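**Q** Sharing final12.cif, mmCIF, C-alpha atoms:
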```
data_input
#
loop_
_atom_site.label_atom_id
_atom_site.label_comp_id
_atom_site.auth_asym_id
_atom_site.auth_seq_id
_atom_site.Cartn_x
_atom_site.Cartn_y
_atom_site.Cartn_z
CA MET A 1 -66.64 -57.68 39.97
CA LYS A 2 -67.64 -58.47 43.52
CA ARG A 3 -64.07 -59.57 44.22
CA HIS A 4 -62.75 -56.36 42.76
CA LEU A 5 -65.06 -54.35 44.95
CA THR A 6 -63.92 -56.37 47.96
CA ALA A 7 -60.30 -55.69 47.12
CA LEU A 8 -60.95 -52.02 46.61
CA THR A 9 -62.76 -51.84 49.92
CA PHE A 10 -59.81 -53.60 51.53
CA ALA A 11 -57.34 -51.21 49.89
CA LEU A 12 -59.33 -48.26 51.16
CA GLY A 13 -59.36 -49.85 54.61
CA CYS A 14 -55.56 -50.10 54.60
CA TRP A 15 -55.32 -46.55 53.34
CA SER A 16 -57.67 -45.00 55.83
CA GLY A 17 -56.12 -46.92 58.70
CA THR A 18 -52.86 -45.09 58.17
CA SER A 19 -54.20 -41.63 57.53
CA LEU A 20 -51.27 -39.30 57.83
CA TRP A 21 -53.11 -36.30 59.04
CA ALA A 22 -55.55 -37.54 61.65
CA HIS A 23 -54.92 -35.91 65.04
CA HIS A 24 -56.74 -38.79 66.66
CA SER A 25 -57.98 -42.30 66.02
CA LEU A 26 -60.37 -42.45 63.07
CA ALA A 27 -62.06 -45.40 64.75
CA ALA A 28 -63.55 -43.08 67.37
CA GLU A 29 -65.87 -41.61 64.77
CA PHE A 30 -65.64 -43.37 61.40
CA ASP A 31 -66.06 -46.90 60.09
CA GLN A 32 -63.15 -47.99 57.92
CA LYS A 33 -65.23 -50.84 56.53
CA LYS A 34 -67.79 -48.49 55.04
CA PRO A 35 -66.31 -46.65 52.07
CA VAL A 36 -68.37 -44.05 50.28
CA SER A 37 -67.99 -42.30 46.94
CA LEU A 38 -69.94 -39.09 46.35
CA THR A 39 -70.36 -36.95 43.26
CA GLY A 40 -71.85 -33.53 43.80
CA ILE A 41 -71.44 -29.79 44.04
CA LEU A 42 -69.13 -28.12 46.57
CA THR A 43 -71.16 -25.66 48.63
CA LYS A 44 -68.64 -24.73 51.35
CA LEU A 45 -65.04 -25.40 52.36
CA ASP A 46 -64.28 -24.72 56.02
CA TRP A 47 -60.48 -24.45 56.12
CA ARG A 48 -59.73 -24.50 59.86
CA ASN A 49 -57.78 -26.75 62.24
CA PRO A 50 -57.80 -29.42 63.42
CA HIS A 51 -59.85 -30.59 60.43
CA ALA A 52 -60.99 -28.83 57.29
CA TRP A 53 -64.54 -29.78 56.31
CA ILE A 54 -66.16 -30.10 52.93
CA TYR A 55 -69.85 -29.39 52.46
CA MET A 56 -71.49 -30.67 49.30
CA ASP A 57 -74.87 -31.26 47.67
CA VAL A 58 -75.37 -34.73 46.26
CA LYS A 59 -78.32 -35.68 44.07
CA ASN A 60 -80.20 -38.68 45.47
CA ALA A 61 -82.12 -41.44 43.67
CA SER A 62 -85.43 -39.64 43.94
CA GLY A 63 -84.09 -36.49 42.36
CA GLY A 64 -83.73 -34.55 45.59
CA ILE A 65 -80.58 -33.15 47.15
CA ASP A 66 -78.73 -34.70 50.10
CA LYS A 67 -76.44 -32.42 52.04
CA TRP A 68 -73.15 -34.05 53.05
CA GLU A 69 -70.40 -32.91 55.44
CA CYS A 70 -67.01 -34.60 55.16
CA GLU A 71 -63.92 -34.16 57.29
CA LEU A 72 -60.46 -33.60 55.81
CA GLY A 73 -57.02 -33.48 57.46
CA SER A 74 -55.58 -30.39 59.08
CA PRO A 75 -55.16 -27.37 56.80
CA ASN A 76 -51.56 -27.10 58.05
CA ALA A 77 -50.68 -30.55 56.75
CA MET A 78 -52.58 -30.12 53.53
CA ASN A 79 -50.87 -26.78 52.87
CA ARG A 80 -47.50 -28.50 53.26
CA ALA A 81 -48.66 -31.18 50.88
CA GLY A 82 -49.44 -28.55 48.27
CA PHE A 83 -53.22 -28.39 48.70
CA THR A 84 -54.85 -25.09 49.63
CA GLN A 85 -58.31 -23.63 49.99
CA GLU A 86 -57.81 -22.27 46.48
CA SER A 87 -57.53 -25.82 45.12
CA VAL A 88 -61.32 -25.97 44.72
CA LYS A 89 -64.06 -23.39 44.25
CA ILE A 90 -67.60 -23.19 45.51
CA GLY A 91 -69.86 -24.55 42.78
CA ASP A 92 -67.28 -27.02 41.45
CA GLU A 93 -68.47 -30.51 40.65
CA ILE A 94 -66.32 -32.89 42.71
CA VAL A 95 -65.94 -36.62 43.31
CA LEU A 96 -65.19 -37.41 46.94
CA ASP A 97 -64.00 -40.77 48.27
CA GLY A 98 -64.07 -41.44 51.98
CA ILE A 99 -65.47 -43.54 54.81
CA LEU A 100 -68.77 -43.14 56.61
CA ALA A 101 -69.36 -41.97 60.17
CA LYS A 102 -70.45 -44.71 62.54
CA LYS A 103 -73.31 -42.92 64.21
CA ALA A 104 -74.46 -40.14 61.92
CA SER A 105 -75.98 -39.79 58.47
CA ASN A 106 -74.36 -37.91 55.60
CA ILE A 107 -71.09 -37.44 57.50
CA CYS A 108 -67.82 -38.89 56.25
CA SER A 109 -64.05 -38.73 56.51
CA THR A 110 -62.49 -37.75 53.19
CA ARG A 111 -59.60 -39.57 51.58
CA THR A 112 -59.46 -37.74 48.25
CA VAL A 113 -61.39 -35.15 46.32
CA LYS A 114 -61.13 -35.13 42.55
CA ALA A 115 -62.20 -32.58 39.99
CA LYS A 116 -64.50 -33.51 37.13
CA ASP A 117 -61.45 -34.10 34.89
CA GLY A 118 -59.98 -36.64 37.34
CA ARG A 119 -57.31 -34.41 38.92
CA THR A 120 -56.84 -34.88 42.68
CA VAL A 121 -57.58 -31.46 44.11
CA LEU A 122 -57.60 -32.28 47.84
CA SER A 123 -56.26 -35.24 49.74
CA GLN A 124 -55.25 -36.20 53.22
CA THR A 125 -53.18 -39.15 52.09
CA GLU A 126 -50.93 -37.63 49.44
CA GLY A 127 -48.20 -35.10 49.69
CA ALA A 128 -44.99 -34.08 51.31
CA ARG A 129 -44.31 -36.16 54.33
CA MET B 1 -53.08 -52.45 59.77
CA ALA B 2 -50.07 -53.61 57.75
CA GLU B 3 -50.22 -56.97 59.51
CA ARG B 4 -53.88 -57.24 58.64
CA CYS B 5 -53.03 -56.45 55.02
CA SER B 6 -50.26 -59.06 54.94
CA ALA B 7 -52.46 -61.75 56.43
CA ARG B 8 -55.16 -61.12 53.88
CA LEU B 9 -52.64 -61.10 51.06
CA LYS B 10 -51.46 -64.55 52.00
CA ALA B 11 -55.01 -65.85 52.08
CA ARG B 12 -55.91 -64.71 48.56
CA VAL B 13 -55.37 -66.59 45.28
CA ASN B 14 -54.60 -65.66 41.71
CA PRO B 15 -57.57 -63.68 40.35
CA MET B 16 -57.22 -61.27 43.20
CA LYS B 17 -53.47 -61.32 43.33
CA GLN B 18 -52.63 -58.21 41.34
CA LEU B 19 -55.28 -56.09 42.94
CA LEU B 20 -54.27 -57.19 46.40
CA ILE B 21 -50.61 -56.59 45.70
CA PHE B 22 -51.67 -53.11 44.66
CA ALA B 23 -53.57 -52.75 47.93
CA GLY B 24 -50.54 -53.93 49.88
CA ALA B 25 -48.39 -51.51 47.93
CA ILE B 26 -50.67 -48.68 49.00
CA CYS B 27 -50.20 -49.66 52.65
CA LEU B 28 -46.44 -49.91 52.22
CA THR B 29 -46.20 -46.67 50.28
CA ILE B 30 -48.11 -44.77 52.92
CA GLY B 31 -45.85 -46.27 55.56
CA LEU B 32 -42.80 -45.13 53.63
CA ILE B 33 -44.23 -41.68 52.97
CA ALA B 34 -44.77 -41.41 56.69
CA GLN B 35 -41.10 -42.16 57.22
CA GLN B 36 -40.14 -39.10 55.24
CA PRO B 37 -39.15 -35.77 56.35
CA PRO B 38 -38.22 -31.05 58.08
CA GLY B 39 -35.88 -27.28 59.06
CA GLY B 40 -35.68 -24.07 60.86
CA PRO B 41 -33.32 -21.90 62.83
CA GLY B 42 -29.94 -23.50 63.11
CA ALA B 43 -30.95 -25.95 60.45
CA GLY B 44 -28.75 -24.72 57.70
CA LYS B 45 -25.64 -23.89 59.65
CA GLY B 46 -22.46 -25.75 58.94
CA ALA B 47 -20.52 -26.57 55.85
CA GLY B 48 -23.37 -28.22 54.00
CA LYS B 49 -25.00 -27.96 50.66
CA GLY B 50 -27.46 -25.18 51.28
CA ALA B 51 -30.82 -25.48 52.91
CA GLY B 52 -32.57 -28.45 51.40
CA LYS B 53 -34.37 -28.69 48.12
CA GLY B 54 -37.85 -29.20 46.86
CA GLY B 55 -40.92 -29.50 49.05
CA GLY B 56 -44.60 -29.20 48.29
CA ARG B 57 -45.86 -32.42 46.79
CA GLY B 58 -42.80 -34.60 47.29
CA GLY B 59 -39.25 -34.28 46.04
CA TYR B 60 -37.73 -32.72 49.15
CA GLN B 61 -34.04 -33.43 49.72
CA PRO B 62 -32.55 -32.51 53.10
CA PRO B 63 -29.33 -30.49 53.13
CA GLU B 64 -26.06 -32.40 53.00
CA GLY B 65 -22.99 -31.87 55.12
CA PRO B 66 -21.37 -32.72 58.45
CA ALA B 67 -23.25 -32.55 61.74
CA PRO B 68 -23.22 -28.92 62.86
CA LYS B 69 -22.16 -27.63 66.29
CA THR B 70 -23.61 -24.84 68.37
CA SER B 71 -21.60 -21.73 69.22
CA TRP B 72 -21.06 -23.23 72.71
CA GLY B 73 -19.64 -26.41 71.25
CA THR B 74 -22.33 -29.08 71.60
CA PRO B 75 -24.00 -30.86 68.68
CA ASP B 76 -26.72 -28.62 67.23
CA LEU B 77 -30.18 -30.18 67.37
CA ASN B 78 -32.03 -26.98 66.45
CA GLY B 79 -34.46 -27.12 63.56
CA VAL B 80 -37.86 -28.19 62.31
CA TRP B 81 -37.89 -31.95 62.01
CA ALA B 82 -40.06 -34.46 60.23
CA ARG B 83 -40.23 -37.74 62.00
CA PRO B 84 -41.73 -41.08 61.02
CA TYR B 85 -45.39 -41.25 61.93
CA ILE B 86 -45.78 -44.16 64.35
CA PRO B 87 -49.47 -45.04 64.56
CA ASP B 88 -48.57 -48.58 65.65
CA ILE B 89 -45.52 -49.12 67.89
CA GLU B 90 -45.81 -52.87 67.47
CA ARG B 91 -45.28 -52.56 63.74
CA ALA B 92 -42.46 -50.01 64.23
CA THR B 93 -40.55 -52.28 66.61
CA GLY B 94 -41.22 -55.54 64.82
CA GLY B 95 -43.58 -56.68 67.64
CA PRO B 96 -45.20 -58.51 69.33
CA LEU B 97 -45.05 -56.35 72.43
CA PRO B 98 -43.98 -58.08 75.70
CA TYR B 99 -47.19 -57.43 77.60
CA THR B 100 -47.77 -58.15 81.24
CA GLU B 101 -51.25 -59.48 82.01
CA TRP B 102 -52.31 -55.98 83.00
CA GLY B 103 -50.86 -54.45 79.85
CA LYS B 104 -52.51 -57.01 77.60
CA LYS B 105 -55.88 -56.37 79.16
CA GLN B 106 -55.45 -52.62 78.72
CA PHE B 107 -54.86 -53.04 75.01
CA GLU B 108 -57.56 -55.61 74.42
CA THR B 109 -60.23 -53.54 76.10
CA TYR B 110 -59.29 -50.24 74.47
CA ASN B 111 -61.90 -48.77 72.16
CA ALA B 112 -61.52 -45.16 71.03
CA GLU B 113 -65.25 -45.09 70.44
CA ASP B 114 -65.80 -45.32 74.20
CA GLY B 115 -63.64 -42.25 74.80
CA ASP B 116 -60.96 -40.64 72.68
CA TYR B 117 -58.75 -38.25 74.61
CA THR B 118 -56.93 -36.89 71.57
CA GLY B 119 -60.17 -36.51 69.64
CA SER B 120 -61.36 -34.50 72.64
CA CYS B 121 -58.27 -32.26 72.35
CA LEU B 122 -56.74 -33.46 75.60
CA PRO B 123 -52.93 -33.66 75.33
CA THR B 124 -51.61 -36.52 73.23
CA GLY B 125 -48.55 -36.82 75.50
CA HIS B 126 -44.95 -36.95 74.33
CA SER B 127 -44.93 -40.45 72.83
CA ARG B 128 -47.80 -39.74 70.46
CA SER B 129 -46.44 -36.24 69.74
CA ILE B 130 -42.89 -37.27 68.90
CA GLY B 131 -44.40 -40.11 66.85
CA GLY B 132 -47.13 -37.95 65.34
CA PRO B 133 -47.49 -36.66 61.81
CA ASP B 134 -47.11 -32.92 62.53
CA PRO B 135 -43.76 -31.10 62.69
CA ILE B 136 -41.73 -30.52 65.82
CA GLN B 137 -39.19 -27.74 66.26
CA ILE B 138 -36.31 -28.47 68.62
CA MET B 139 -34.73 -25.49 70.37
CA LEU B 140 -31.52 -25.87 72.28
CA THR B 141 -29.69 -23.54 74.65
CA PRO B 142 -26.66 -24.42 76.78
CA ASN B 143 -28.95 -25.31 79.69
CA HIS B 144 -32.37 -26.12 78.25
CA MET B 145 -34.01 -28.02 75.44
CA ALA B 146 -37.52 -27.41 74.13
CA PHE B 147 -39.88 -29.37 71.94
CA LEU B 148 -42.30 -27.11 70.12
CA TYR B 149 -45.05 -29.36 68.87
CA GLU B 150 -47.10 -27.91 66.04
CA GLN B 151 -50.01 -30.15 66.98
CA ASN B 152 -52.26 -28.10 69.25
CA THR B 153 -49.40 -25.58 69.67
CA TRP B 154 -48.07 -27.50 72.68
CA PHE B 155 -44.55 -27.19 74.04
CA LYS B 156 -42.26 -28.84 76.53
CA VAL B 157 -39.11 -27.28 77.99
CA PHE B 158 -36.71 -28.95 80.38
CA PRO B 159 -33.18 -28.61 81.81
CA ILE B 160 -30.25 -30.40 80.19
CA ASP B 161 -27.61 -29.55 82.79
CA GLY B 162 -27.54 -33.01 84.32
CA ARG B 163 -29.76 -32.28 87.30
CA PRO B 164 -31.98 -35.11 88.65
CA HIS B 165 -35.78 -35.27 88.43
CA ASN B 166 -37.81 -33.26 90.89
CA PRO B 167 -40.05 -35.85 92.61
CA LYS B 168 -42.39 -33.16 93.97
CA LYS B 169 -43.82 -32.26 90.58
CA VAL B 170 -47.43 -33.08 89.66
CA PRO B 171 -47.75 -36.08 87.26
CA THR B 172 -48.42 -34.81 83.74
CA TRP B 173 -49.45 -35.81 80.23
CA PHE B 174 -45.93 -35.18 78.87
CA GLY B 175 -44.00 -36.30 81.96
CA ASP B 176 -41.04 -34.67 83.71
CA SER B 177 -37.89 -34.58 81.60
CA VAL B 178 -34.23 -33.94 82.32
CA GLY B 179 -31.41 -34.17 79.81
CA HIS B 180 -27.67 -34.55 79.61
CA TRP B 181 -25.00 -35.04 76.96
CA ASP B 182 -23.51 -38.49 76.59
CA GLY B 183 -20.65 -37.61 74.25
CA ASP B 184 -22.35 -36.25 71.14
CA THR B 185 -25.72 -37.74 72.06
CA MET B 186 -28.41 -35.87 73.97
CA VAL B 187 -30.12 -38.23 76.42
CA VAL B 188 -33.56 -37.21 77.65
CA ASP B 189 -34.96 -39.10 80.63
CA THR B 190 -38.65 -38.74 81.41
CA THR B 191 -40.75 -39.95 84.36
CA ASN B 192 -43.80 -38.83 86.32
CA PHE B 193 -46.40 -39.43 83.59
CA ASN B 194 -50.06 -39.24 84.59
CA GLY B 195 -50.77 -42.57 82.89
CA LEU B 196 -53.74 -41.22 80.93
CA THR B 197 -52.17 -41.26 77.47
CA ARG B 198 -51.41 -44.03 74.99
CA ILE B 199 -48.16 -44.79 73.23
CA ASP B 200 -49.64 -44.50 69.74
CA THR B 201 -52.78 -43.89 67.71
CA ASN B 202 -53.71 -47.56 67.79
CA GLY B 203 -53.91 -47.32 71.57
CA HIS B 204 -50.98 -49.38 72.81
CA PRO B 205 -50.98 -48.81 76.54
CA HIS B 206 -48.68 -47.59 79.25
CA SER B 207 -49.14 -46.92 82.94
CA ASP B 208 -48.10 -44.14 85.28
CA GLN B 209 -44.93 -46.18 85.88
CA LEU B 210 -43.72 -45.35 82.36
CA HIS B 211 -40.11 -44.22 82.13
CA THR B 212 -38.78 -43.18 78.72
CA ILE B 213 -35.21 -42.68 77.59
CA GLU B 214 -34.63 -40.82 74.34
CA ARG B 215 -31.32 -40.50 72.53
CA PHE B 216 -30.76 -37.79 69.91
CA THR B 217 -27.63 -38.01 67.75
CA ARG B 218 -27.09 -35.50 64.92
CA THR B 219 -25.50 -37.84 62.42
CA ASP B 220 -25.15 -35.21 59.67
CA LEU B 221 -26.60 -31.86 58.63
CA GLY B 222 -29.89 -33.33 57.46
CA HIS B 223 -30.55 -36.06 60.01
CA ILE B 224 -30.93 -37.07 63.66
CA ALA B 225 -30.69 -40.70 64.70
CA TYR B 226 -33.38 -41.03 67.35
CA GLN B 227 -34.00 -43.85 69.79
CA MET B 228 -36.94 -44.14 72.16
CA THR B 229 -36.93 -46.72 74.96
CA TYR B 230 -40.12 -47.38 76.89
CA GLU B 231 -39.70 -48.97 80.31
CA ASP B 232 -42.91 -49.75 82.12
CA PRO B 233 -42.87 -52.85 84.37
CA LYS B 234 -46.61 -52.64 84.98
CA THR B 235 -47.36 -52.87 81.25
CA TYR B 236 -44.37 -54.59 79.62
CA THR B 237 -42.08 -57.37 80.86
CA LYS B 238 -39.05 -55.80 79.18
CA PRO B 239 -38.12 -52.47 77.57
CA VAL B 240 -39.59 -51.63 74.17
CA VAL B 241 -37.04 -49.92 71.91
CA SER B 242 -37.83 -47.96 68.76
CA ASP B 243 -35.16 -46.53 66.43
CA ARG B 244 -36.15 -43.75 64.03
CA THR B 245 -34.57 -41.16 61.74
CA PHE B 246 -35.56 -37.49 61.85
CA ILE B 247 -35.18 -35.43 58.70
CA LEU B 248 -34.44 -31.70 58.74
CA ARG B 249 -37.08 -29.67 56.84
CA THR B 250 -35.53 -26.37 55.90
CA ASP B 251 -38.63 -25.64 53.79
CA TRP B 252 -41.12 -25.89 56.65
CA GLU B 253 -42.16 -23.29 59.19
CA MET B 254 -44.15 -24.01 62.31
CA GLN B 255 -47.79 -22.97 62.07
CA GLU B 256 -50.45 -22.24 64.69
CA TYR B 257 -52.77 -25.19 65.30
CA SER B 258 -55.92 -24.95 67.36
CA CYS B 259 -57.41 -28.32 68.21
CA GLU B 260 -60.60 -26.88 69.65
CA GLU B 261 -61.60 -24.47 66.87
CA ASN B 262 -63.14 -26.76 64.25
CA ASN B 263 -63.21 -30.12 66.03
CA LYS B 264 -66.71 -30.84 64.75
CA GLY B 265 -66.70 -34.53 65.62
CA PHE B 266 -66.28 -33.67 69.29
CA ILE B 267 -68.32 -30.46 69.27
CA GLU B 268 -71.28 -32.28 67.72
CA GLY B 269 -71.04 -35.24 70.09
CA ARG B 270 -69.75 -38.00 67.82
CA ILE B 271 -66.44 -38.23 69.71
CA LYS B 272 -66.62 -38.84 73.46
CA MET B 273 -64.22 -37.59 76.11
CA PRO B 274 -62.97 -40.47 78.29
CA ASP B 275 -64.34 -40.72 81.78
CA TYR B 276 -61.30 -40.46 84.04
CA SER B 277 -63.23 -40.32 87.28
CA GLY B 278 -61.81 -42.86 89.67
CA LYS B 279 -59.10 -43.91 87.16
CA LYS B 280 -55.48 -44.82 88.09
#
```
Would you mind writing the file's structure down as structure tokens?
**A**
Amino acid sequence: MKRHLTALTFALGCWSGTSLWAHHSLAAEFDQKKPVSLTGILTKLDWRNPHAWIYMDVKNASGGIDKWECELGSPNAMNRAGFTQESVKIGDEIVLDGILAKKASNICSTRTVKAKDGRTVLSQTEGAR
Amino acid sequence: MAERCSARLKARVNPMKQLLIFAGAICLTIGLIAQQPPGGPGAGKGAGKGAGKGGGRGGYQPPEGPAPKTSWGTPDLNGVWARPYIPDIERATGGPLPYTEWGKKQFETYNAEDGDYTGSCLPTGHSRSIGGPDPIQIMLTPNHMAFLYEQNTWFKVFPIDGRPHNPKKVPTWFGDSVGHWDGDTMVVDTTNFNGLTRIDTNGHPHSDQLHTIERFTRTDLGHIAYQMTYEDPKTYTKPVVSDRTFILRTDWEMQEYSCEENNKGFIEGRIKMPDYSGKK
């Protein structure tokens, strides 16, 4: 299992290192060796360049709510890839995979966002390029 | 990154093999996706098969047909073009890069965390723009050529009437370009860079001695064969040459792109602007 996790971490590292939509080096802000997977409720989607941002509430171990903010690619690129701000709705339960910020808590760079049924609803690594 | 993936793949043994091959495939797939396609005015002219097909999430096919000509008789380079994303010039050219001592030191000491000019919305410069993931529209007149970069809504316009460089211009992020036709190939020669940019996202260096030569050949309706040559004796012992293919996207339109508007990482202090005081 540990090996599988290592491989998955490695795969994510490869993936995030070649993000198609970043307008700058991810390494300036995020740590590709620290993947994160979050399940929670979408509270806000800020669909503006150069990066859209996802805001979500995630239940923590003690039953409280942690507020997370996660960067996406540019809305321009995501629109071309077929993702829009209508792809998700406030209040949706989502599963977000990404990498953590180096110097801040509850901040991440998003790779994919999936709906409860497993459909990819937002991504900065899939699409038409 | 691909090299890192390959090295790790070689080091692994059976139980991990399938998963790692999958991981490698992800790297390769993303690389290939990045090689894919774009269109625009002038894009669909000529005796081709329409204006391209598909779009959205994959499936786009560029239009087919012979290379079109402008009304004044030169090859037509107009259109919105997708180009391969080149985050790592070493990988794109089959590396390793022929560093000078100075160049090697510049690369080895680069850390975007210490200062990221593109993350700060300073200009990426032409190399990172032509090799970037966002569309570029080329506009051509009999005497001028323009690159309209969607990223940050930048542009560059320069003469293509064969005139020489103007040495009195101020050094810039995108350099000073002049162009001329070499048969059916547009040759764009650029000098006078300010030396503050990088060649690619990974931070491969260049100096203010950089001289680039770009060759644009419209091979057919849907494609441009593109070659970029970097000459920089301060950074590299010999020219670095990168061949790429541009794909016409008739289904894309240029969009406005503000870098400053929602650049939260920089606005909230997680990305630092480089300190250029005393640099050069």
**Q** Excluding B:Gly162 and its own-chain neighbours fewer than 5 positions away, which residues fall within 12 Å of it when counting all atoms listed in the file? Please give them as a PyMOL selection string.
**A** chain B and resi 142-144+177-182+186-189
**Q** Pick out the closest residue to B:Gly125 from this set: B:Pro98, B:Pro171, B:Gly79, B:Pro164. Count only C-alpha atoms.
**A**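 Going through B:Pro98, B:Pro171, B:Gly79, B:Pro164 one by one, the smallest distance to B:Gly125 is for B:Pro171.
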**Q** Which residue, B:Pro96, B:Pro239, B:Pro68, B:Gly132, has the smallest gap to chain A when you use all atoms listed in the file?
**A** B:Gly132
**Q** Record the distance separating atom CA of A:Leu100 and atom CA of A:Ala27, expressed in Å with one decimal.
**A**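 Taking atom CA of A:Leu100 as the start and atom CA of A:Ala27 as the end point, the length is 10.8 Å.
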**Q** Near B:Thr93, counting only C-alpha atoms, which residues have an atom at most 9 Å away, once you skip same-chain residues fewer than 5 positions from it, shown as JSON, numbers by chain?
**A** {"B": [88, 240, 241, 242, 243]}
**Q** Residue by residue, what does the PyMOL selection byres ((chain B and resi 273) around 7) grab here? Present the result as a tab-separated table (two decimals) with C-alpha atoms, in the coordinates of the input.
**A**
```tsv
chain	number	residue	atom	x	y	z
B	115	GLY	CA	-63.64	-42.25	74.80
B	116	ASP	CA	-60.96	-40.64	72.68
B	117	TYR	CA	-58.75	-38.25	74.61
B	120	SER	CA	-61.36	-34.50	72.64
B	271	ILE	CA	-66.44	-38.23	69.71
B	272	LYS	CA	-66.62	-38.84	73.46
B	274	PRO	CA	-62.97	-40.47	78.29
B	275	ASP	CA	-64.34	-40.72	81.78
```
**Q** Quick one: stretch 30-61 of chain A with C-alpha atoms, as a PDB file, in the first residue's frame?
**A**
```
ATOM      1  CA  PHE A  30       3.483  25.219  -4.129  1.00  0.00           C
ATOM      2  CA  ASP A  31       5.219  22.009  -3.100  1.00  0.00           C
ATOM      3  CA  GLN A  32       4.878  19.283  -5.706  1.00  0.00           C
ATOM      4  CA  LYS A  33       5.901  16.681  -3.141  1.00  0.00           C
ATOM      5  CA  LYS A  34       2.926  17.422  -0.936  1.00  0.00           C
ATOM      6  CA  PRO A  35      -0.265  16.173  -2.570  1.00  0.00           C
ATOM      7  CA  VAL A  36      -3.585  16.775  -0.888  1.00  0.00           C
ATOM      8  CA  SER A  37      -7.044  15.341  -1.408  1.00  0.00           C
ATOM      9  CA  LEU A  38     -10.015  17.225   0.021  1.00  0.00           C
ATOM     10  CA  THR A  39     -13.691  16.336   0.221  1.00  0.00           C
ATOM     11  CA  GLY A  40     -16.030  19.146   1.124  1.00  0.00           C
ATOM     12  CA  ILE A  41     -18.634  21.688   0.103  1.00  0.00           C
ATOM     13  CA  LEU A  42     -17.998  24.352  -2.542  1.00  0.00           C
ATOM     14  CA  THR A  43     -18.681  27.764  -1.013  1.00  0.00           C
ATOM     15  CA  LYS A  44     -17.350  30.066  -3.760  1.00  0.00           C
ATOM     16  CA  LEU A  45     -15.842  29.903  -7.243  1.00  0.00           C
ATOM     17  CA  ASP A  46     -13.866  33.000  -8.245  1.00  0.00           C
ATOM     18  CA  TRP A  47     -13.647  32.739 -12.036  1.00  0.00           C
ATOM     19  CA  ARG A  48     -11.081  35.412 -12.920  1.00  0.00           C
ATOM     20  CA  ASN A  49      -7.645  35.497 -14.576  1.00  0.00           C
ATOM     21  CA  PRO A  50      -4.879  34.670 -14.173  1.00  0.00           C
ATOM     22  CA  HIS A  51      -6.160  31.935 -11.850  1.00  0.00           C
ATOM     23  CA  ALA A  52      -9.650  30.866 -10.876  1.00  0.00           C
ATOM     24  CA  TRP A  53      -9.923  29.996  -7.184  1.00  0.00           C
ATOM     25  CA  ILE A  54     -12.056  27.459  -5.399  1.00  0.00           C
ATOM     26  CA  TYR A  55     -13.253  28.065  -1.860  1.00  0.00           C
ATOM     27  CA  MET A  56     -14.525  25.080   0.091  1.00  0.00           C
ATOM     28  CA  ASP A  57     -15.476  23.931   3.581  1.00  0.00           C
ATOM     29  CA  VAL A  58     -13.851  20.698   4.690  1.00  0.00           C
ATOM     30  CA  LYS A  59     -14.858  18.838   7.838  1.00  0.00           C
ATOM     31  CA  ASN A  60     -11.876  18.213  10.115  1.00  0.00           C
ATOM     32  CA  ALA A  61     -11.182  15.341  12.521  1.00  0.00           C
TER      33      ALA A  61
END
```
